[in-house]
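As provided, data_30.txt (compact mmCIF, C-alpha atoms) reads as follows.
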# COMPACT_ATOMS: atom_id res chain seq x y z
CA MET T 158 84.75 5.12 24.10
CA ALA T 159 82.77 6.45 21.16
CA ASP T 160 82.66 3.00 19.53
CA ARG T 161 81.35 1.46 22.74
CA PHE T 162 78.57 4.06 22.94
CA VAL T 163 77.58 3.41 19.34
CA ARG T 164 77.45 -0.33 19.98
CA MET T 165 75.30 0.17 23.07
CA ALA T 166 72.93 2.52 21.23
CA ALA T 167 72.65 0.10 18.34
CA GLY T 168 71.92 -2.77 20.72
CA ALA T 169 69.25 -0.74 22.51
CA ALA T 170 67.71 0.14 19.19
CA LEU T 171 67.61 -3.51 18.19
CA VAL T 172 65.97 -4.44 21.50
CA LEU T 173 63.34 -1.74 21.07
CA LEU T 174 62.68 -2.87 17.51
CA ALA T 175 62.31 -6.46 18.66
CA LEU T 176 59.87 -5.40 21.38
CA LEU T 177 57.89 -3.38 18.84
CA VAL T 178 57.64 -6.34 16.47
CA ALA T 179 56.79 -8.76 19.25
CA GLN T 180 54.25 -6.49 21.00
CA PRO T 181 51.12 -7.67 19.14
CA TYR T 182 52.02 -11.29 19.76
CA VAL T 183 52.76 -10.71 23.44
CA THR T 184 49.50 -8.76 23.86
CA ALA T 185 47.47 -11.48 22.11
CA PHE T 186 49.09 -14.13 24.33
CA LEU T 187 48.58 -12.28 27.60
CA PHE T 188 45.13 -10.77 27.04
CA ALA T 189 43.33 -13.14 24.66
CA ALA T 190 39.81 -14.08 25.89
CA ARG T 191 39.98 -17.88 25.77
CA THR T 192 36.74 -18.31 27.71
CA PRO T 193 33.29 -16.75 27.22
CA ARG T 194 33.26 -13.12 28.27
CA ALA T 195 31.13 -11.87 31.12
CA ILE T 196 27.82 -10.33 30.05
CA THR T 197 27.49 -6.62 30.75
CA ALA T 198 24.16 -5.70 32.30
CA ARG T 199 22.17 -3.66 29.82
CA GLY T 200 19.64 -1.97 32.02
CA ASP T 201 16.10 -1.14 30.99
CA LEU T 202 15.12 -0.58 27.37
CA ALA T 203 14.52 3.00 26.37
CA SER T 204 10.88 4.01 26.61
CA VAL T 205 10.53 4.29 22.84
CA GLU T 206 11.96 0.77 22.43
CA THR T 207 9.61 -0.63 25.05
CA ALA T 208 6.65 0.94 23.32
CA THR T 209 7.67 -0.48 19.92
CA VAL T 210 8.21 -3.97 21.34
CA ALA T 211 4.81 -3.88 23.02
CA LEU T 212 3.15 -2.61 19.83
CA PHE T 213 4.59 -5.45 17.75
CA ALA T 214 3.72 -8.08 20.37
CA GLN T 215 0.12 -6.86 20.42
CA ALA T 216 -0.44 -6.34 16.70
CA SER T 217 1.62 -9.05 14.97
CA PRO T 218 -0.68 -12.01 15.84
CA SER T 219 -3.41 -10.26 13.83
CA VAL T 220 -1.22 -10.00 10.70
CA VAL T 221 -1.31 -12.89 8.22
CA HIS T 222 0.51 -14.08 5.12
CA VAL T 223 -1.74 -14.36 2.05
CA PHE T 224 -1.08 -16.81 -0.80
CA ALA T 225 -3.14 -16.61 -3.99
CA GLN T 226 -2.91 -19.11 -6.84
CA ALA T 227 -4.69 -18.54 -10.14
CA ALA T 228 -4.90 -22.23 -11.03
CA ALA T 229 -4.56 -25.21 -8.70
CA GLN T 230 -1.83 -26.95 -10.66
CA GLY T 231 0.98 -29.04 -9.27
CA ARG T 232 3.55 -27.28 -11.42
CA ALA T 233 2.76 -24.10 -9.47
CA LEU T 234 4.90 -25.59 -6.72
CA LEU T 235 7.91 -25.58 -9.03
CA GLY T 236 9.32 -22.13 -9.37
CA ALA T 237 6.05 -20.23 -9.19
CA GLU T 238 7.38 -18.05 -6.42
CA SER T 239 10.32 -15.78 -7.03
CA GLU T 240 13.63 -16.59 -5.42
CA ASP T 241 13.34 -13.58 -3.12
CA GLY T 242 9.98 -14.82 -1.83
CA GLY T 243 8.08 -11.66 -2.74
CA GLU T 244 5.12 -10.97 -4.95
CA ARG T 245 5.29 -12.36 -8.43
CA GLU T 246 3.07 -11.63 -11.38
CA GLY T 247 2.74 -13.58 -14.56
CA SER T 248 3.12 -17.02 -12.97
CA GLY T 249 -0.40 -16.94 -11.54
CA SER T 250 0.97 -16.90 -8.02
CA GLN T 251 0.89 -13.91 -5.69
CA THR T 252 1.87 -13.48 -2.08
CA GLY T 253 1.09 -10.57 0.16
CA THR T 254 -0.03 -9.56 3.59
CA GLY T 255 -3.40 -9.20 5.27
CA PHE T 256 -4.80 -8.58 8.71
CA VAL T 257 -7.77 -9.71 10.77
CA TRP T 258 -10.70 -7.32 10.47
CA ASP T 259 -13.27 -8.81 12.82
CA ALA T 260 -14.09 -11.75 15.05
CA GLY T 261 -15.97 -13.34 12.14
CA GLY T 262 -12.68 -14.31 10.50
CA HIS T 263 -12.63 -11.67 7.77
CA ILE T 264 -9.20 -10.73 6.42
CA VAL T 265 -8.44 -7.46 4.63
CA THR T 266 -5.75 -7.34 1.95
CA ASN T 267 -5.05 -5.62 -1.38
CA ASN T 268 -7.17 -6.54 -4.37
CA HIS T 269 -4.08 -6.91 -6.57
CA VAL T 270 -2.82 -9.67 -4.26
CA VAL T 271 -5.83 -11.92 -4.94
CA ALA T 272 -7.05 -10.60 -8.31
CA ALA T 273 -5.54 -13.42 -10.37
CA ALA T 274 -7.09 -16.05 -8.12
CA ALA T 275 -10.48 -14.32 -8.29
CA GLN T 276 -10.50 -14.11 -12.08
CA GLY T 277 -9.02 -17.51 -12.79
CA GLY T 278 -11.03 -19.60 -10.34
CA GLY T 279 -7.93 -20.19 -8.30
CA SER T 280 -7.40 -20.66 -4.60
CA VAL T 281 -6.42 -18.48 -1.66
CA SER T 282 -4.84 -19.60 1.58
CA VAL T 283 -3.71 -17.73 4.65
CA ARG T 284 -0.87 -18.52 7.03
CA LEU T 285 -1.56 -17.31 10.55
CA SER T 286 1.09 -16.05 12.94
CA SER T 287 1.00 -19.48 14.61
CA GLY T 288 2.21 -21.02 11.34
CA VAL T 289 -1.10 -22.77 10.62
CA VAL T 290 -2.21 -22.51 6.97
CA VAL T 291 -5.96 -22.02 6.55
CA PRO T 292 -7.92 -22.01 3.27
CA ALA T 293 -9.84 -18.82 2.58
CA ARG T 294 -12.39 -17.60 0.09
CA ILE T 295 -12.79 -14.17 -1.47
CA VAL T 296 -15.85 -12.44 -0.04
CA GLY T 297 -15.62 -9.28 -2.10
CA ALA T 298 -13.24 -6.96 -3.92
CA ALA T 299 -13.09 -3.26 -4.72
CA PRO T 300 -10.56 -2.73 -7.53
CA SER T 301 -11.16 1.02 -7.47
CA TYR T 302 -9.79 1.08 -3.92
CA ASP T 303 -7.36 -1.87 -4.29
CA LEU T 304 -9.06 -3.62 -1.38
CA ALA T 305 -10.33 -7.18 -0.98
CA VAL T 306 -11.90 -9.13 1.86
CA LEU T 307 -11.27 -12.83 2.53
CA ARG T 308 -13.08 -15.21 4.86
CA LEU T 309 -11.02 -17.76 6.79
CA GLY T 310 -12.06 -21.38 6.79
CA ARG T 311 -12.89 -23.31 9.93
CA THR T 312 -10.55 -21.86 12.55
CA THR T 313 -10.52 -19.53 15.51
CA PRO T 314 -9.24 -16.22 14.14
CA PRO T 315 -6.72 -14.06 15.98
CA PRO T 316 -8.07 -10.86 17.54
CA PRO T 317 -8.78 -8.01 15.10
CA LEU T 318 -6.62 -4.92 14.99
CA ALA T 319 -7.79 -1.75 16.71
CA ILE T 320 -9.10 0.81 14.24
CA GLY T 321 -7.87 4.40 14.22
CA THR T 322 -8.66 7.33 11.96
CA SER T 323 -6.75 8.98 9.15
CA ALA T 324 -8.61 12.28 9.48
CA ASP T 325 -6.27 13.75 12.10
CA LEU T 326 -2.91 12.40 10.92
CA LYS T 327 0.04 14.78 11.03
CA VAL T 328 3.16 14.76 8.89
CA GLY T 329 6.02 13.60 11.10
CA GLN T 330 4.11 11.29 13.41
CA ALA T 331 5.43 7.76 13.82
CA THR T 332 4.26 4.88 11.63
CA TYR T 333 4.78 1.12 11.94
CA ALA T 334 4.34 -1.36 9.09
CA ILE T 335 4.03 -5.10 9.66
CA GLY T 336 4.14 -7.46 6.72
CA ASN T 337 5.86 -10.26 4.86
CA PRO T 338 8.40 -8.54 2.57
CA PHE T 339 10.13 -10.99 0.22
CA GLY T 340 8.30 -13.81 2.02
CA LEU T 341 9.90 -13.04 5.40
CA ASP T 342 7.07 -13.45 7.91
CA HIS T 343 6.12 -10.73 10.36
CA THR T 344 8.68 -8.06 9.63
CA LEU T 345 8.37 -4.73 11.43
CA THR T 346 9.58 -1.50 9.87
CA THR T 347 9.21 1.97 11.32
CA GLY T 348 9.11 5.49 9.97
CA VAL T 349 6.97 8.59 9.91
CA VAL T 350 4.09 10.02 7.93
CA SER T 351 6.04 11.67 5.12
CA ALA T 352 3.11 13.38 3.39
CA LEU T 353 -0.67 13.38 3.24
CA GLN T 354 -3.31 13.84 0.54
CA ARG T 355 -1.35 11.96 -2.10
CA ARG T 356 -3.15 10.47 -5.10
CA LEU T 357 -2.71 6.87 -6.19
CA PRO T 358 -3.91 5.39 -9.50
CA THR T 359 -6.18 2.36 -9.11
CA ALA T 360 -8.36 0.36 -11.47
CA GLU T 361 -10.86 1.61 -14.06
CA GLY T 362 -9.17 4.95 -14.60
CA ARG T 363 -9.70 6.05 -11.03
CA GLU T 364 -7.38 7.65 -8.54
CA LEU T 365 -7.61 7.21 -4.81
CA SER T 366 -7.27 10.53 -3.00
CA GLY T 367 -6.11 11.22 0.54
CA VAL T 368 -3.42 8.51 0.35
CA ILE T 369 -0.82 8.38 3.14
CA GLN T 370 2.86 8.56 2.21
CA THR T 371 5.33 7.00 4.63
CA ASP T 372 9.06 6.31 4.73
CA ALA T 373 8.58 3.07 6.69
CA ALA T 374 10.18 0.43 4.47
CA ILE T 375 7.53 -1.26 2.30
CA ASN T 376 8.73 -3.95 -0.07
CA PRO T 377 7.12 -6.55 -2.35
CA GLY T 378 5.14 -8.81 -0.03
CA ASN T 379 4.05 -5.96 2.24
CA SER T 380 1.00 -5.26 0.08
CA GLY T 381 -2.20 -5.49 2.10
CA GLY T 382 -0.46 -5.19 5.45
CA PRO T 383 -1.37 -2.72 8.17
CA LEU T 384 0.15 0.69 8.75
CA LEU T 385 -0.16 1.48 12.45
CA ASP T 386 0.21 4.55 14.61
CA SER T 387 2.13 4.63 17.90
CA ALA T 388 -0.99 3.48 19.76
CA GLY T 389 -1.11 0.30 17.65
CA ARG T 390 -4.23 1.43 15.79
CA LEU T 391 -4.75 0.81 12.09
CA ILE T 392 -4.35 4.04 10.13
CA GLY T 393 -3.84 2.63 6.63
CA VAL T 394 -3.37 -0.39 4.39
CA ASN T 395 0.01 -0.56 2.67
CA THR T 396 -0.53 -0.82 -1.05
CA ALA T 397 2.37 0.46 -3.16
CA ILE T 398 5.91 1.74 -3.27
CA PHE T 399 7.57 4.25 -5.56
CA SER T 400 10.83 2.70 -6.67
CA PRO T 401 12.48 2.13 -10.06
CA SER T 402 14.19 -0.98 -8.66
CA GLY T 403 11.08 -2.45 -7.04
CA ALA T 404 12.63 -2.30 -3.57
CA SER T 405 11.88 0.22 -0.87
CA ALA T 406 13.26 3.67 -1.63
CA GLY T 407 11.69 5.41 1.33
CA ILE T 408 8.45 6.30 -0.44
CA GLY T 409 5.52 4.02 0.33
CA PHE T 410 1.79 4.57 0.12
CA ALA T 411 -1.12 3.38 2.24
CA ILE T 412 -4.88 3.52 1.71
CA PRO T 413 -6.29 5.70 4.52
CA VAL T 414 -8.20 3.78 7.17
CA ASP T 415 -11.26 6.03 6.89
CA VAL T 416 -11.68 4.74 3.33
CA VAL T 417 -11.03 1.16 4.45
CA ASN T 418 -13.58 1.46 7.26
CA ARG T 419 -16.19 2.56 4.74
CA VAL T 420 -15.44 0.10 1.95
CA VAL T 421 -14.75 -3.14 3.88
CA PRO T 422 -18.16 -3.39 5.62
CA GLU T 423 -19.81 -2.90 2.24
CA LEU T 424 -17.72 -5.70 0.75
CA ILE T 425 -18.69 -7.97 3.64
CA ARG T 426 -22.38 -7.17 3.16
CA ASN T 427 -22.63 -7.13 -0.63
CA GLY T 428 -19.41 -8.56 -2.06
CA ARG T 429 -18.83 -5.32 -3.94
CA THR T 430 -18.76 -1.61 -3.33
CA ARG T 431 -20.93 0.99 -4.94
CA ASN T 432 -18.95 3.58 -6.87
CA PRO T 433 -20.68 6.87 -7.61
CA GLY T 434 -20.87 7.82 -11.27
CA ILE T 435 -23.08 9.55 -13.80
CA GLY T 436 -22.99 7.07 -16.68
CA ILE T 437 -20.41 8.34 -19.16
CA ILE T 438 -17.48 6.85 -21.01
CA ALA T 439 -14.61 9.35 -20.78
CA GLY T 440 -11.94 9.95 -23.37
CA GLN T 441 -8.37 8.78 -22.83
CA GLU T 442 -6.31 11.40 -21.07
CA SER T 443 -3.37 11.00 -23.45
CA VAL T 444 -5.59 11.71 -26.45
CA THR T 445 -7.30 14.59 -24.67
CA ALA T 446 -3.93 16.15 -23.85
CA ARG T 447 -2.73 15.80 -27.45
CA LEU T 448 -5.85 17.66 -28.60
CA GLY T 449 -5.07 20.45 -26.16
CA ILE T 450 -8.29 19.95 -24.20
CA ASP T 451 -8.37 20.75 -20.49
CA GLY T 452 -11.18 18.69 -18.95
CA VAL T 453 -12.95 15.34 -19.32
CA VAL T 454 -14.21 14.61 -22.82
CA VAL T 455 -17.51 12.73 -22.86
CA VAL T 456 -17.03 10.02 -25.49
CA ARG T 457 -20.31 8.19 -24.92
CA VAL T 458 -23.35 8.58 -22.70
CA ILE T 459 -24.89 5.37 -21.37
CA ARG T 460 -28.54 5.08 -22.28
CA GLY T 461 -30.91 5.74 -19.38
CA SER T 462 -28.11 7.01 -17.14
CA PRO T 463 -28.21 10.25 -15.15
CA ALA T 464 -25.91 11.80 -17.75
CA ALA T 465 -28.35 10.90 -20.51
CA GLN T 466 -31.28 12.29 -18.51
CA ALA T 467 -29.34 15.52 -17.97
CA GLY T 468 -28.76 15.86 -21.71
CA LEU T 469 -25.01 15.36 -21.85
CA ARG T 470 -23.64 14.64 -25.31
CA GLY T 471 -20.83 12.37 -26.37
CA VAL T 472 -18.65 12.35 -29.49
CA ASP T 473 -20.68 12.23 -32.69
CA PRO T 474 -20.02 8.74 -34.13
CA GLN T 475 -20.68 9.97 -37.67
CA THR T 476 -18.56 13.13 -37.80
CA GLY T 477 -16.26 12.65 -34.82
CA ALA T 478 -17.23 16.05 -33.49
CA ILE T 479 -16.66 16.48 -29.78
CA GLY T 480 -19.81 17.02 -27.76
CA ASP T 481 -19.40 17.94 -24.08
CA VAL T 482 -16.24 18.53 -22.10
CA ILE T 483 -16.70 18.56 -18.33
CA VAL T 484 -14.56 21.36 -16.88
CA ALA T 485 -15.95 21.83 -13.36
CA ALA T 486 -18.02 20.11 -10.67
CA GLY T 487 -19.54 22.76 -8.44
CA ASP T 488 -16.67 25.08 -7.63
CA ARG T 489 -14.01 22.44 -8.25
CA PRO T 490 -12.14 22.63 -11.58
CA ILE T 491 -11.99 19.36 -13.51
CA HIS T 492 -8.79 18.80 -15.47
CA ARG T 493 -8.84 15.02 -15.78
CA LEU T 494 -10.96 11.98 -14.97
CA ALA T 495 -9.38 11.59 -11.52
CA ASP T 496 -10.70 15.05 -10.59
CA LEU T 497 -14.21 14.06 -11.64
CA THR T 498 -14.18 10.72 -9.82
CA ALA T 499 -12.84 12.42 -6.68
CA ALA T 500 -15.67 14.94 -6.82
CA MET T 501 -18.25 12.19 -7.26
CA ALA T 502 -16.73 10.15 -4.44
CA ALA T 503 -16.95 13.17 -2.16
CA ALA T 504 -20.59 13.69 -3.14
CA GLY T 505 -21.60 10.04 -2.75
CA ILE T 506 -24.40 8.10 -4.43
CA ASP T 507 -27.79 9.68 -5.11
CA ALA T 508 -26.28 13.15 -4.71
CA THR T 509 -27.01 16.12 -6.94
CA MET T 510 -24.03 17.68 -8.68
CA ASP T 511 -23.78 20.86 -10.75
CA LEU T 512 -21.41 20.29 -13.65
CA THR T 513 -19.98 22.91 -15.95
CA VAL T 514 -19.52 21.59 -19.47
CA GLU T 515 -18.19 23.20 -22.60
CA ARG T 516 -20.17 22.55 -25.75
CA ASP T 517 -19.22 24.23 -29.02
CA GLY T 518 -16.78 26.40 -27.08
CA ARG T 519 -19.44 27.80 -24.75
CA PRO T 520 -19.90 26.88 -21.07
CA ARG T 521 -23.20 25.66 -19.74
CA ARG T 522 -24.41 24.32 -16.38
CA VAL T 523 -25.87 20.83 -16.07
CA ARG T 524 -27.42 19.33 -12.95
CA VAL T 525 -26.98 15.57 -12.63
CA THR T 526 -27.61 12.98 -9.92
CA THR T 527 -24.91 10.42 -9.17
CA THR T 528 -25.70 6.73 -9.17
CA ASP T 529 -23.95 3.41 -8.77
CA VAL T 530 -21.55 2.98 -11.70
CA ALA T 531 -22.32 -0.73 -12.09
CA GLU T 532 -26.04 -0.02 -12.22
CA ALA T 533 -25.54 2.76 -14.74
CA ARG T 534 -23.76 0.37 -17.12
CA ARG T 535 -26.50 -2.24 -17.13
Exercise: express the given structure as structure tokens:
Amino acid sequence: MADRFVRMAAGAALVLLALLVAQPYVTAFLFAARTPRAITARGDLASVETATVALFAQASPSVVHVFAQAAAQGRALLGAESEDGGEREGSGSQTGTGFVWDAGGHIVTNNHVVAAAAQGGGSVSVRLSSGVVVPARIVGAAPSYDLAVLRLGRTTPPPPLAIGTSADLKVGQATYAIGNPFGLDHTLTTGVVSALQRRLPTAEGRELSGVIQTDAAINPGNSGGPLLDSAGRLIGVNTAIFSPSGASAGIGFAIPVDVVNRVVPELIRNGRTRNPGIGIIAGQESVTARLGIDGVVVVRVIRGSPAAQAGLRGVDPQTGAIGDVIVAAGDRPIHRLADLTAAMAAAGIDATMDLTVERDGRPRRVRVTTTDVAEARR
């Protein structure tokens, strides 16, 4: 009797084991979907998704792809652009993003996107959202603000973007960046305003103040593209990322639209922007720091400039003795050249400034009137 029970238990165990082994195969045979599955109704998009879709549909036609070539050479077609399709320096070819500024066909982009073409007598072309490639010419550039304005050739331009303001931005509010990262047309990334009042180095020893920091992904190729708020208004121009690898690391920077709205019309009118200055050549910050000097060392005073008229002194070319060191502008302390240029930019052109300078270790007050830097150097 006991043997019979053991045999029955062993047989049951074998059956259960066989069923366990065969279960996946039986399930796959019985329940495999051998025909297309029925589509599950999704329902309405969430309100935030609907708003983002509408924003992109409205703004993206006004965003363009900019191509700048330093020299019109056939070999530029062979390997001039990087394999990832992004910006590339050194080959004379740059790609970036721009957007329509007005009904006159003006396009705003970064100066560094078209700088090589401007200096080398090269060419610039723009690909519209429709896919049409249109030749363009450089109307004006402002290296100190990393902005440039192009003019489309004979074509009907897309509608311009709505303009917002950067004066009332709040950290945490939503941002939307549209551009051509790595050559991929019309890419939308989203994020928030991460910080305000950042400083960004630009050309000629200047720093742009009031820069917007955002965590919306900005990669090579996004340069010159618009940064939008949730109403689809332009609040900045994407210009740089902070990343050791060159790819987005969640820290991007945009030129505030209030600066753009001031500089771009001037570029359209005059082809250049007037930068306030006093007519000095400042010492290199690295050398100044090594000498233990806190302030802007006046190396040379341009003849006939406001600085010369105010009696500022540069470094003595015979003895090398330091003349004046600018340490304050009004009530603002001046530690480096960026502080001085920011103070002059806030004052504007033809404005009177009270500078505090140290000469022979003693402070003295100097009143000087700002002027256009380019005019002061003539």
Task: For Arg311 of chain T: contacts at 12 Å, all atoms listed in the file, fewer than 3 positions along chain excluded, given as a PyMOL selection string - done: chain T and resi 261-263+283+289-294+308+314
**OP:** Taking (-26.5, 11.7, -7.0) in the file's own coordinates, collect the residues within 8 Å, counting only C-alpha atoms, and hand them back as a PyMOL selection string.
**Re:** chain T and resi 433+435+504-510+525-528
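Residue nearest Glu515 of chain T within the list T:Asp529, T:Gly461, T:Val453, T:Leu341: T:Val453 [criterion: smallest interatomic distance, only C-alpha atoms].
Checking T:Leu318, T:Val328, T:Ala195, T:Val281 one by one against Phe224 of chain T, counting all atoms listed in the file, you find the shortest gap at T:Val281.
For the pair atom CA of Asp386 of chain T and atom CA of Phe410 of chain T, the separation is 14.6 Å.
Comparing the minimum interatomic distances between Arg519 of chain T and each of T:Gly449, T:Gly378, T:Pro490, T:Gly480, counting only C-alpha atoms, we find that T:Gly480 sits nearest.
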Worksheet entry | All residues 12 Å or closer to Gly329 of chain T, only C-alpha atoms, same chain fewer than 2 positions away omitted, as a ChimeraX atom specification | /T:326-327,331-332,348-353,369-373,386-387
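Atom CA of Asn418 of chain T is found 27.2 Å from atom CA of Gly340 of chain T.
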Can you list, as a CSV table (one decimal) with C-alpha atoms, keeping the file's coordinate frame, every protein, DNA or RNA residue that comes within 12 Å of Asp259 of chain T when you count all atoms listed in the file, leaving out same-chain residues fewer than 5 positions away?
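Contents of the output file part-v7.csv:
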chain,number,residue,atom,x,y,z
T,219,SER,CA,-3.4,-10.3,13.8
T,264,ILE,CA,-9.2,-10.7,6.4
T,265,VAL,CA,-8.4,-7.5,4.6
T,306,VAL,CA,-11.9,-9.1,1.9
T,307,LEU,CA,-11.3,-12.8,2.5
T,308,ARG,CA,-13.1,-15.2,4.9
T,309,LEU,CA,-11.0,-17.8,6.8
T,313,THR,CA,-10.5,-19.5,15.5
T,314,PRO,CA,-9.2,-16.2,14.1
T,315,PRO,CA,-6.7,-14.1,16.0
T,316,PRO,CA,-8.1,-10.9,17.5
T,317,PRO,CA,-8.8,-8.0,15.1
T,318,LEU,CA,-6.6,-4.9,15.0
T,319,ALA,CA,-7.8,-1.8,16.7
T,320,ILE,CA,-9.1,0.8,14.2
T,418,ASN,CA,-13.6,1.5,7.3
T,421,VAL,CA,-14.8,-3.1,3.9
T,422,PRO,CA,-18.2,-3.4,5.6
T,425,ILE,CA,-18.7,-8.0,3.6
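Ranking T:Pro300, T:Gly440, T:Gly278, T:Gly452 by their shortest atom-to-atom distance to Asp496 of chain T, with all atoms listed in the file included, puts T:Gly452 first.
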Atom CA of Gly321 of chain T to atom CA of Val414 of chain T measures 7.1 Å
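Using all atoms listed in the file, the shortest contact distance between Gly367 of chain T and any of T:Ala169, T:Gly253, T:Ala499, T:Gly310 is found at T:Ala499.
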Give me, as JSON lines, the closest atom pair and its distance (Å, one decimal) for every residue of segment 409-456 of chain T within a cut-off of 12 Å of segment 266-271 of chain T, counting all atoms listed in the file, rows sorted by chain and rising number.
{"residue": "T:Ala411", "atom": "CA", "partner": "T:Asn267", "partner_atom": "CA", "distance": 10.5}
{"residue": "T:Ile412", "atom": "CA", "partner": "T:Asn267", "partner_atom": "CA", "distance": 9.6}
{"residue": "T:Val417", "atom": "CA", "partner": "T:Thr266", "partner_atom": "CA", "distance": 10.3}
{"residue": "T:Val421", "atom": "CA", "partner": "T:Thr266", "partner_atom": "CA", "distance": 10.1}
{"residue": "T:Leu424", "atom": "CA", "partner": "T:Asn268", "partner_atom": "CA", "distance": 11.8}
{"residue": "T:Arg429", "atom": "CA", "partner": "T:Asn268", "partner_atom": "CA", "distance": 11.7}
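Taking only C-alpha atoms into account, Pro358 of chain T lies nearest to T:Ala397 out of the set T:Ala397, T:Ala485, T:Val514, T:Val223.
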#### Entry: Neighbour list for Pro520 of chain T as a ChimeraX atom specification, cut-off 10 Å, all atoms listed in the file, skip fewer than 3 positions in-chain
/T:481-484,513-517,523
How would the residues just picked look written out with C-alpha atoms as an mmCIF file, keeping the file's coordinate frame?
data_model
loop_
_atom_site.group_PDB
_atom_site.id
_atom_site.type_symbol
_atom_site.label_atom_id
_atom_site.label_comp_id
_atom_site.auth_asym_id
_atom_site.auth_seq_id
_atom_site.Cartn_x
_atom_site.Cartn_y
_atom_site.Cartn_z
ATOM 1 C CA ASP T 481 -19.400 17.940 -24.080
ATOM 2 C CA VAL T 482 -16.240 18.530 -22.100
ATOM 3 C CA ILE T 483 -16.700 18.560 -18.330
ATOM 4 C CA VAL T 484 -14.560 21.360 -16.880
ATOM 5 C CA THR T 513 -19.980 22.910 -15.950
ATOM 6 C CA VAL T 514 -19.520 21.590 -19.470
ATOM 7 C CA GLU T 515 -18.190 23.200 -22.600
ATOM 8 C CA ARG T 516 -20.170 22.550 -25.750
ATOM 9 C CA ASP T 517 -19.220 24.230 -29.020
ATOM 10 C CA VAL T 523 -25.870 20.830 -16.070
#
Give me, as a list of chain:residue names, all polymer residues having an atom no more than 12 Å from Pro474 of chain T, counting all atoms listed in the file and skipping those fewer than 5 positions away in the same chain.
T:Val456, T:Arg457, T:Val458, T:Ile479, T:Gly480
